[in-house]
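> Next comes the structure file coords.cif, holding mmCIF, C-alpha atoms.
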data_upload
#
loop_
_atom_site.label_atom_id
_atom_site.label_comp_id
_atom_site.auth_asym_id
_atom_site.auth_seq_id
_atom_site.Cartn_x
_atom_site.Cartn_y
_atom_site.Cartn_z
CA MET A 1 0.00 0.00 0.00
CA SER A 2 1.80 3.14 -1.18
CA GLY A 3 0.99 6.57 0.24
CA LEU A 4 -2.04 7.16 2.41
CA PRO A 5 -4.78 4.55 1.97
CA LYS A 6 -8.22 5.27 0.56
CA VAL A 7 -10.74 4.98 3.36
CA VAL A 8 -14.47 4.34 3.55
CA VAL A 9 -16.17 5.05 6.88
CA VAL A 10 -19.51 3.32 7.40
CA HIS A 11 -22.24 4.07 9.94
CA PRO A 12 -24.62 1.08 9.67
CA GLY A 13 -28.30 1.03 10.46
CA GLN A 14 -29.20 0.19 14.06
CA VAL A 15 -31.78 -2.28 15.32
CA VAL A 16 -33.10 -0.96 18.63
CA GLU A 17 -36.10 -1.26 20.89
CA GLN A 18 -39.01 0.93 19.84
CA ASP A 19 -38.68 2.96 23.03
CA ALA A 20 -34.87 2.95 23.09
CA ILE A 21 -33.03 4.91 25.75
CA ASP A 22 -30.60 7.63 24.67
CA TYR A 23 -30.48 8.82 21.06
CA PRO A 24 -29.90 6.21 18.32
CA HIS A 25 -30.82 8.78 15.66
CA PHE A 26 -27.78 10.92 16.62
CA THR A 27 -25.08 8.24 16.93
CA GLY A 28 -23.67 9.11 13.50
CA LEU A 29 -22.28 12.44 14.74
CA PRO A 30 -18.93 11.00 16.00
CA VAL A 31 -18.59 9.20 12.65
CA ALA A 32 -18.85 12.48 10.74
CA GLY A 33 -16.35 13.95 13.21
CA LEU A 34 -13.83 11.18 12.51
CA VAL A 35 -14.21 11.76 8.77
CA ARG A 36 -13.43 15.45 9.23
CA VAL A 37 -10.30 14.64 11.25
CA LEU A 38 -9.08 12.06 8.73
CA ARG A 39 -9.54 14.49 5.85
CA ASN A 40 -7.62 17.14 7.78
CA GLU A 41 -4.81 14.58 8.09
CA GLY A 42 -4.72 14.17 4.30
CA PHE A 43 -6.64 10.92 3.87
CA PHE A 44 -9.10 10.45 1.01
CA VAL A 45 -12.27 9.46 2.83
CA HIS A 46 -15.77 8.52 1.70
CA LEU A 47 -18.57 8.54 4.29
CA LEU A 48 -21.50 6.16 4.03
CA ASP A 49 -24.11 6.73 6.74
CA ALA A 50 -27.33 4.69 6.94
CA CYS A 51 -29.15 7.74 8.32
CA CYS A 52 -27.89 10.00 5.51
CA ARG A 53 -29.13 7.87 2.63
CA PRO A 54 -32.28 8.55 0.58
CA GLY A 55 -35.32 7.01 2.24
CA ALA A 56 -33.74 6.65 5.68
CA SER A 57 -36.40 6.28 8.36
CA TYR A 58 -37.51 4.07 11.25
CA SER A 59 -38.79 0.67 10.09
CA PRO A 60 -40.68 -1.44 12.66
CA LEU A 61 -39.47 -5.02 13.05
CA ARG A 62 -40.67 -8.00 15.05
CA GLY A 63 -40.45 -8.15 18.82
CA GLY A 64 -41.05 -4.46 19.49
CA LYS A 65 -37.86 -3.42 17.73
CA GLY A 66 -37.11 -1.31 14.69
CA LEU A 67 -34.35 -0.22 12.30
CA TYR A 68 -33.00 3.33 12.28
CA GLY A 69 -31.57 4.20 8.88
CA VAL A 70 -31.64 2.22 5.65
CA PRO A 71 -31.24 -1.59 5.44
CA THR A 72 -27.82 -3.13 4.86
CA ALA A 73 -28.61 -3.78 1.19
CA ALA A 74 -28.89 -0.03 0.57
CA LEU A 75 -25.38 0.47 1.97
CA LEU A 76 -23.84 -2.44 0.05
CA GLU A 77 -24.89 -1.17 -3.37
CA PRO A 78 -22.52 1.86 -3.42
CA LEU A 79 -19.77 -0.12 -1.67
CA GLN A 80 -19.63 -2.85 -4.31
CA ASP A 81 -17.84 -0.65 -6.85
CA ALA A 82 -16.06 1.66 -4.40
CA GLU A 83 -12.28 1.81 -4.28
CA PHE A 84 -10.94 1.54 -0.75
CA ASP A 85 -7.95 0.13 1.09
CA VAL A 86 -9.48 0.50 4.54
CA ALA A 87 -13.06 0.21 5.78
CA ILE A 88 -13.88 1.65 9.20
CA VAL A 89 -17.24 0.42 10.48
CA HIS A 90 -18.87 2.18 13.38
CA PHE A 91 -20.21 0.06 16.24
CA SER A 92 -22.67 2.36 17.97
CA PRO A 93 -23.70 1.70 21.61
CA TYR A 94 -26.56 -0.38 20.19
CA HIS A 95 -24.09 -2.64 18.34
CA MET A 96 -21.86 -3.07 21.42
CA ARG A 97 -24.34 -5.12 23.40
CA PRO A 98 -23.61 -8.90 23.50
CA VAL A 99 -26.27 -9.57 20.90
CA VAL A 100 -25.33 -10.49 17.33
CA ASP A 101 -26.55 -8.04 14.68
CA ALA A 102 -27.15 -10.16 11.56
CA GLY A 103 -27.22 -7.10 9.29
CA LEU A 104 -23.84 -5.94 10.62
CA GLN A 105 -22.40 -9.44 10.16
CA HIS A 106 -23.60 -9.45 6.57
CA LEU A 107 -22.18 -5.98 5.92
CA LEU A 108 -18.73 -6.99 7.15
CA ALA A 109 -18.77 -10.25 5.21
CA ARG A 110 -19.65 -8.44 1.99
CA LEU A 111 -16.94 -5.83 2.59
CA ARG A 112 -14.44 -8.67 2.88
CA LYS A 113 -15.75 -10.23 -0.33
CA PHE A 114 -15.65 -6.91 -2.22
CA ARG A 115 -12.07 -6.13 -1.13
CA PRO A 116 -10.31 -9.27 0.23
CA GLU A 117 -7.05 -7.37 0.90
CA ALA A 118 -8.63 -4.37 2.61
CA LEU A 119 -8.10 -3.61 6.28
CA ILE A 120 -11.45 -3.75 8.08
CA ILE A 121 -11.61 -1.93 11.40
CA GLY A 122 -14.50 -1.80 13.83
CA ALA A 123 -14.60 1.36 15.90
CA GLU A 124 -16.59 2.37 18.96
CA LEU A 125 -15.96 6.10 18.44
CA TYR A 126 -17.07 6.88 21.97
CA ALA A 127 -17.91 10.56 22.37
CA GLY A 128 -20.05 10.50 25.51
CA GLY A 129 -23.08 8.89 27.03
CA MET A 130 -23.91 7.34 30.38
CA HIS A 131 -24.79 3.88 29.08
CA ARG A 132 -21.55 2.76 27.47
CA VAL A 133 -21.02 -0.98 26.93
CA PRO A 134 -17.28 -1.87 27.12
CA ALA A 135 -15.77 -3.74 24.18
CA ASP A 136 -15.76 -7.50 24.68
CA GLU A 137 -12.84 -8.83 22.61
CA THR A 138 -13.98 -12.47 22.67
CA PHE A 139 -17.51 -11.62 21.55
CA LEU A 140 -16.48 -9.14 18.85
CA SER A 141 -13.72 -11.29 17.32
CA SER A 142 -15.82 -14.47 17.28
CA ARG A 143 -19.13 -12.99 16.12
CA TYR A 144 -17.64 -10.58 13.59
CA PRO A 145 -14.71 -12.60 12.17
CA ASP A 146 -14.18 -10.31 9.16
CA LEU A 147 -12.79 -7.58 11.41
CA ASP A 148 -9.00 -7.17 11.49
CA HIS A 149 -9.02 -4.80 14.46
CA PHE A 150 -11.46 -3.18 16.82
CA VAL A 151 -10.62 0.25 18.28
CA SER A 152 -12.41 0.95 21.54
CA LEU A 153 -13.21 4.30 23.18
CA GLU A 154 -12.26 7.57 21.45
CA ALA A 155 -10.38 7.04 18.20
CA GLU A 156 -9.85 10.35 16.36
CA GLU A 157 -6.11 10.14 17.08
CA SER A 158 -5.61 6.38 17.35
CA ILE A 159 -7.12 5.52 13.96
CA PRO A 160 -5.06 8.06 11.91
CA ASP A 161 -1.90 6.73 13.59
CA LEU A 162 -2.91 3.17 12.70
CA LEU A 163 -3.66 4.05 9.07
CA ALA A 164 -0.46 6.06 8.62
CA GLY A 165 1.64 3.18 9.97
CA ASP A 166 2.67 5.05 13.11
CA THR A 167 1.11 2.30 15.20
CA GLU A 168 1.78 -1.35 14.39
CA SER A 169 -0.06 -4.11 16.18
CA THR A 170 -1.32 -7.59 15.47
CA ASP A 171 -3.72 -7.35 18.40
CA PHE A 172 -7.41 -7.49 17.61
CA LEU A 173 -8.56 -5.08 20.33
CA LEU A 174 -6.79 -1.73 20.30
CA LYS A 175 -7.56 0.79 23.02
CA GLY A 176 -8.09 4.28 21.69
CA ARG A 177 -6.72 7.20 23.65
CA PRO A 178 -8.54 10.37 24.75
CA ILE A 179 -8.16 12.98 22.03
CA SER A 180 -6.18 16.10 22.73
CA ALA A 181 -7.43 19.68 22.71
CA GLU A 182 -5.66 20.14 19.36
CA THR A 183 -7.59 17.30 17.72
CA LEU A 184 -10.81 18.39 19.41
CA SER A 185 -10.43 21.72 17.61
CA MET A 186 -10.65 19.83 14.28
CA THR A 187 -13.99 18.22 15.03
CA GLY A 188 -16.23 21.22 14.13
CA PRO A 189 -19.41 20.85 12.06
CA PRO A 190 -20.13 17.33 10.74
CA ALA A 191 -18.42 16.29 7.50
CA TRP A 192 -21.69 15.66 5.66
CA SER A 193 -21.99 16.63 2.01
CA PRO A 194 -24.97 18.86 1.12
CA GLY A 195 -26.83 15.79 -0.14
CA GLN A 196 -26.05 13.77 2.99
CA LEU A 197 -27.18 16.64 5.21
CA GLU A 198 -30.43 16.96 3.25
CA ASN A 199 -31.04 13.21 3.62
CA PHE A 200 -30.30 13.35 7.35
CA GLN A 201 -32.73 16.22 7.86
CA ALA A 202 -35.35 14.27 5.89
CA PHE A 203 -34.62 11.24 8.12
CA LEU A 204 -35.22 13.29 11.28
CA GLN A 205 -38.39 14.72 9.81
CA ALA A 206 -39.60 11.22 8.91
CA ILE A 207 -39.17 9.97 12.50
CA SER A 208 -40.23 13.19 14.23
CA GLY A 209 -43.69 11.84 15.08
CA MET A 210 -42.34 9.08 17.33
CA PRO A 211 -43.37 9.85 20.94
CA LYS A 212 -39.91 10.32 22.41
CA LEU A 213 -38.71 12.49 19.52
CA ALA A 214 -41.86 14.58 19.61
CA GLN A 215 -41.26 15.12 23.33
CA TYR A 216 -37.88 16.68 22.55
CA LYS A 217 -39.14 18.47 19.41
CA ILE A 218 -36.65 16.62 17.22
CA ASP A 219 -37.44 17.10 13.55
CA GLY A 220 -35.81 18.21 10.30
CA GLU A 221 -34.85 21.57 11.84
CA THR A 222 -32.87 19.91 14.66
CA LEU A 223 -29.21 18.90 14.52
CA PRO A 224 -26.91 17.33 17.15
CA ILE A 225 -23.80 18.97 18.61
CA TYR A 226 -21.02 18.26 21.12
CA LEU A 227 -19.66 21.16 23.19
CA SER A 228 -17.24 18.97 25.15
CA ARG A 229 -15.85 15.52 25.86
CA GLY A 230 -15.58 13.76 29.19
CA CYS A 231 -16.98 14.62 32.62
CA PRO A 232 -15.04 15.45 35.81
CA PHE A 233 -17.64 13.78 38.03
CA ASN A 234 -18.11 10.13 38.94
CA CYS A 235 -21.85 9.55 39.28
CA SER A 236 -22.88 6.01 40.21
CA PHE A 237 -25.44 5.71 37.40
CA CYS A 238 -23.02 6.68 34.60
CA SER A 239 -20.47 4.53 32.73
CA ASN A 240 -18.51 7.39 31.16
CA PRO A 241 -14.86 6.21 31.27
CA TYR A 242 -13.31 9.67 30.92
CA GLN A 243 -13.07 12.11 33.84
CA ASP A 244 -10.70 14.40 31.96
CA TYR A 245 -13.12 17.11 30.82
CA ARG A 246 -12.20 18.75 27.50
CA ALA A 247 -14.20 21.64 26.07
CA VAL A 248 -14.53 22.16 22.32
CA PRO A 249 -12.85 25.57 21.75
CA LEU A 250 -15.32 28.44 21.66
CA ASP A 251 -14.29 29.48 18.13
CA VAL A 252 -15.14 25.96 16.91
CA VAL A 253 -18.51 26.10 18.72
CA LEU A 254 -19.23 29.43 17.01
CA GLU A 255 -18.27 27.92 13.63
CA TRP A 256 -20.74 25.12 14.36
CA PHE A 257 -23.46 27.66 15.24
CA ASP A 258 -22.87 29.63 12.03
CA TRP A 259 -22.99 26.44 9.94
CA SER A 260 -26.22 25.39 11.65
CA GLU A 261 -27.80 28.73 10.77
CA GLU A 262 -26.71 28.37 7.16
CA VAL A 263 -28.31 24.93 6.80
CA GLY A 264 -31.60 25.95 8.39
CA ALA A 265 -31.34 24.38 11.85
CA GLN A 266 -33.56 25.95 14.50
CA ARG A 267 -32.46 23.74 17.41
CA LEU A 268 -29.21 22.12 18.44
CA PHE A 269 -29.47 18.97 20.55
CA VAL A 270 -26.50 19.07 22.97
CA LEU A 271 -25.15 15.56 23.62
CA ASP A 272 -22.60 16.50 26.30
CA ASP A 273 -22.23 14.67 29.60
CA ALA A 274 -21.47 17.92 31.45
CA ALA A 275 -22.21 20.85 29.15
CA ASN A 276 -22.17 23.63 31.74
CA VAL A 277 -18.82 22.68 33.27
CA ARG A 278 -17.05 24.79 30.65
CA PRO A 279 -16.06 28.20 32.12
CA ASP A 280 -17.38 30.10 29.09
CA PHE A 281 -20.80 28.42 29.15
CA GLU A 282 -22.53 31.80 29.40
CA ASP A 283 -20.74 32.93 26.23
CA VAL A 284 -22.02 29.81 24.46
CA LEU A 285 -25.59 30.59 25.52
CA LEU A 286 -25.31 34.22 24.44
CA ALA A 287 -23.86 33.23 21.05
CA ALA A 288 -26.75 30.83 20.44
CA SER A 289 -29.27 33.48 21.50
CA LYS A 290 -27.83 36.04 19.07
CA ARG A 291 -28.30 33.55 16.25
CA ASN A 292 -31.84 32.61 17.36
CA LEU A 293 -30.67 29.03 17.91
CA THR A 294 -32.41 26.98 20.60
CA LEU A 295 -30.12 24.68 22.58
CA GLU A 296 -31.80 21.53 23.91
CA PHE A 297 -30.13 19.90 26.93
CA PRO A 298 -31.71 16.45 27.44
CA ASN A 299 -29.22 15.76 30.24
CA GLY A 300 -25.64 16.71 31.08
CA LEU A 301 -26.32 19.88 33.09
CA ARG A 302 -24.90 20.10 36.61
CA ALA A 303 -27.34 21.65 39.08
CA ASP A 304 -24.52 22.49 41.52
#
Written as structure tokens, how would this file's structure read?


Amino acid sequence: MSGLPKVVVVHPGQVVEQDAIDYPHFTGLPVAGLVRVLRNEGFFVHLLDACCRPGASYSPLRGGKGLYGVPTAALLEPLQDAEFDVAIVHFSPYHMRPVVDAGLQHLLARLRKFRPEALIIGAELYAGGMHRVPADETFLSSRYPDLDHFVSLEAEESIPDLLAGDTESTDFLLKGRPISAETLSMTGPPAWSPGQLENFQAFLQAISGMPKLAQYKIDGETLPIYLSRGCPFNCSFCSNPYQDYRAVPLDVVLEWFDWSEEVGAQRLFVLDDAANVRPDFEDVLLAASKRNLTLEFPNGLRAD
């Protein structure tokens, strides 16, 4: 493999309970953030997100479950003729549970068939959330045998090092490291193309009538955002592994706000674990107010 490899980053559809906890519709945000970082590092990257494809929606399945995004077949069609040396497949929190996802198995098997020599990496891409499921090496390697590696936790620095050859390992499970403030400054607005963004907004509009989404007023005018990573507290009900709090720089937050205005977002859904720990939180609120942006905080605000 000469030079930097060509990379495809895939966010598969997710099978979840109809009344799923947390926010399966927003789990693609860290994926778009990784793509932005990889492109800044000089990699040629193509993003394929099941929630950013035409027709993405919520499809009821048996047993009180449903699929967020498009089926695996709709992701495989563009991958069949794609040129890539590396495929990075996101395992969202809903894929990390010790339950085999047949669609994900099929996706990985087809990727291996399409490009037998490609490096296939599973990635947790943890960016926050109180219900994290730690990576189980035995389960992941045995149930998803087409994976070459699995990178746990945050990965915006670990994966570029692996792809550039700065990290060499034959181990299956590779522990990602917490990203630095410098890398956090690269994460900015999601790396969606105009068409992908339009499809994602249509996806949110299509699922906006579901009770939990209606409760939070999530629709095609809502977009997700991270203002920080980590949480300095150690609450008993939370499984966040990072107590080193890192705020997204204010200038990057403002860039995100400006982009949101440009694309017609009225509300930003803040996914932080501790949003108001940042010392300039008041500046963030004032900046949103000046742009007539509503910030929704479903959790992650400290009352003390």

> Set out as a Markdown table a contact list for stretch 57-173 of chain A and stretch 227-231 of chain A with a cut-off of 10 Å, giving each residue of stretch 57-173 of chain A that qualifies its closest atom pair and distance in Å to one decimal, counting only C-alpha atoms, ordered by chain and rising residue number.


| residue | atom | partner | partner_atom | distance |
| --- | --- | --- | --- | --- |
| A:Tyr126 | CA | A:Arg229 | CA | 9.6 |
| A:Ala127 | CA | A:Arg229 | CA | 6.4 |
| A:Gly128 | CA | A:Arg229 | CA | 6.6 |
| A:Gly129 | CA | A:Gly230 | CA | 9.2 |
| A:Glu154 | CA | A:Arg229 | CA | 9.8 |

> Decode the PyMOL selection byres ((chain A and resi 293-297) around 10) for the given file into explicit residues and return them as number ranges by chain.

A: 216-218, 222-225, 257-258, 260-261, 265-275, 284-292, 298-301

> I'd like the neighbourhood of A:Ser57 as an MDAnalysis selection string, where a residue qualifies if any of its atoms comes within 12 Å (using all atoms listed in the file), though same-chain residues fewer than 5 positions away should be ignored.

chainID A and resid 13:15 24:25 50:52 66:71 199:210

> Any idea what the distance is between atom CA of A:Glu124 and atom CA of A:Glu137?

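It comes out at 12.4 Å.
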
> Counting all atoms listed in the file, what are the residues of stretch 76-169 of chain A within 8 Å of stretch 29-45 of chain A, and for each of them which pair of atoms is the nearest and at what distance in Å, to one decimal? Sort the table by chain and rising number, as JSON lines.


{"residue": "A:His90", "atom": "CA", "partner": "A:Val31", "partner_atom": "CA", "distance": 7.1}
{"residue": "A:Leu125", "atom": "CA", "partner": "A:Pro30", "partner_atom": "CA", "distance": 6.2}
{"residue": "A:Tyr126", "atom": "CA", "partner": "A:Pro30", "partner_atom": "CA", "distance": 7.5}
{"residue": "A:Ala127", "atom": "CA", "partner": "A:Pro30", "partner_atom": "CA", "distance": 6.5}
{"residue": "A:Ala155", "atom": "CA", "partner": "A:Leu34", "partner_atom": "CA", "distance": 7.8}
{"residue": "A:Glu156", "atom": "CA", "partner": "A:Leu34", "partner_atom": "CA", "distance": 5.6}
{"residue": "A:Pro160", "atom": "CA", "partner": "A:Leu38", "partner_atom": "CA", "distance": 6.5}

> The selected residues should be written to file as a PDB file, in the frame of the given file (atoms: C-alpha atoms).


ATOM      1  CA  HIS A  90     -18.870   2.180  13.380  1.00  0.00           C
ATOM      2  CA  LEU A 125     -15.960   6.100  18.440  1.00  0.00           C
ATOM      3  CA  TYR A 126     -17.070   6.880  21.970  1.00  0.00           C
ATOM      4  CA  ALA A 127     -17.910  10.560  22.370  1.00  0.00           C
ATOM      5  CA  ALA A 155     -10.380   7.040  18.200  1.00  0.00           C
ATOM      6  CA  GLU A 156      -9.850  10.350  16.360  1.00  0.00           C
ATOM      7  CA  PRO A 160      -5.060   8.060  11.910  1.00  0.00           C
TER       8      PRO A 160
END

> Go through A:Pro98, A:Gly122, A:Gly64, A:Gly103 one by one, measure the shortest atom-to-atom distance of each to A:Phe172 using all atoms listed in the file, and give the residue with the smallest value.

A:Gly122

> Find the residue from A:Arg246, A:His149, A:Lys212, A:Arg302 that sits nearest to A:Ala118; use only C-alpha atoms when measuring.

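Checking each candidate against A:Ala118, we get A:His149 as the closest.
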
> Can you give me, as number ranges by chain, the residues this file yields under the PyMOL selection byres ((chain A and resi 7-11) around 6)?

A: 6, 12, 45-50, 84, 86-90
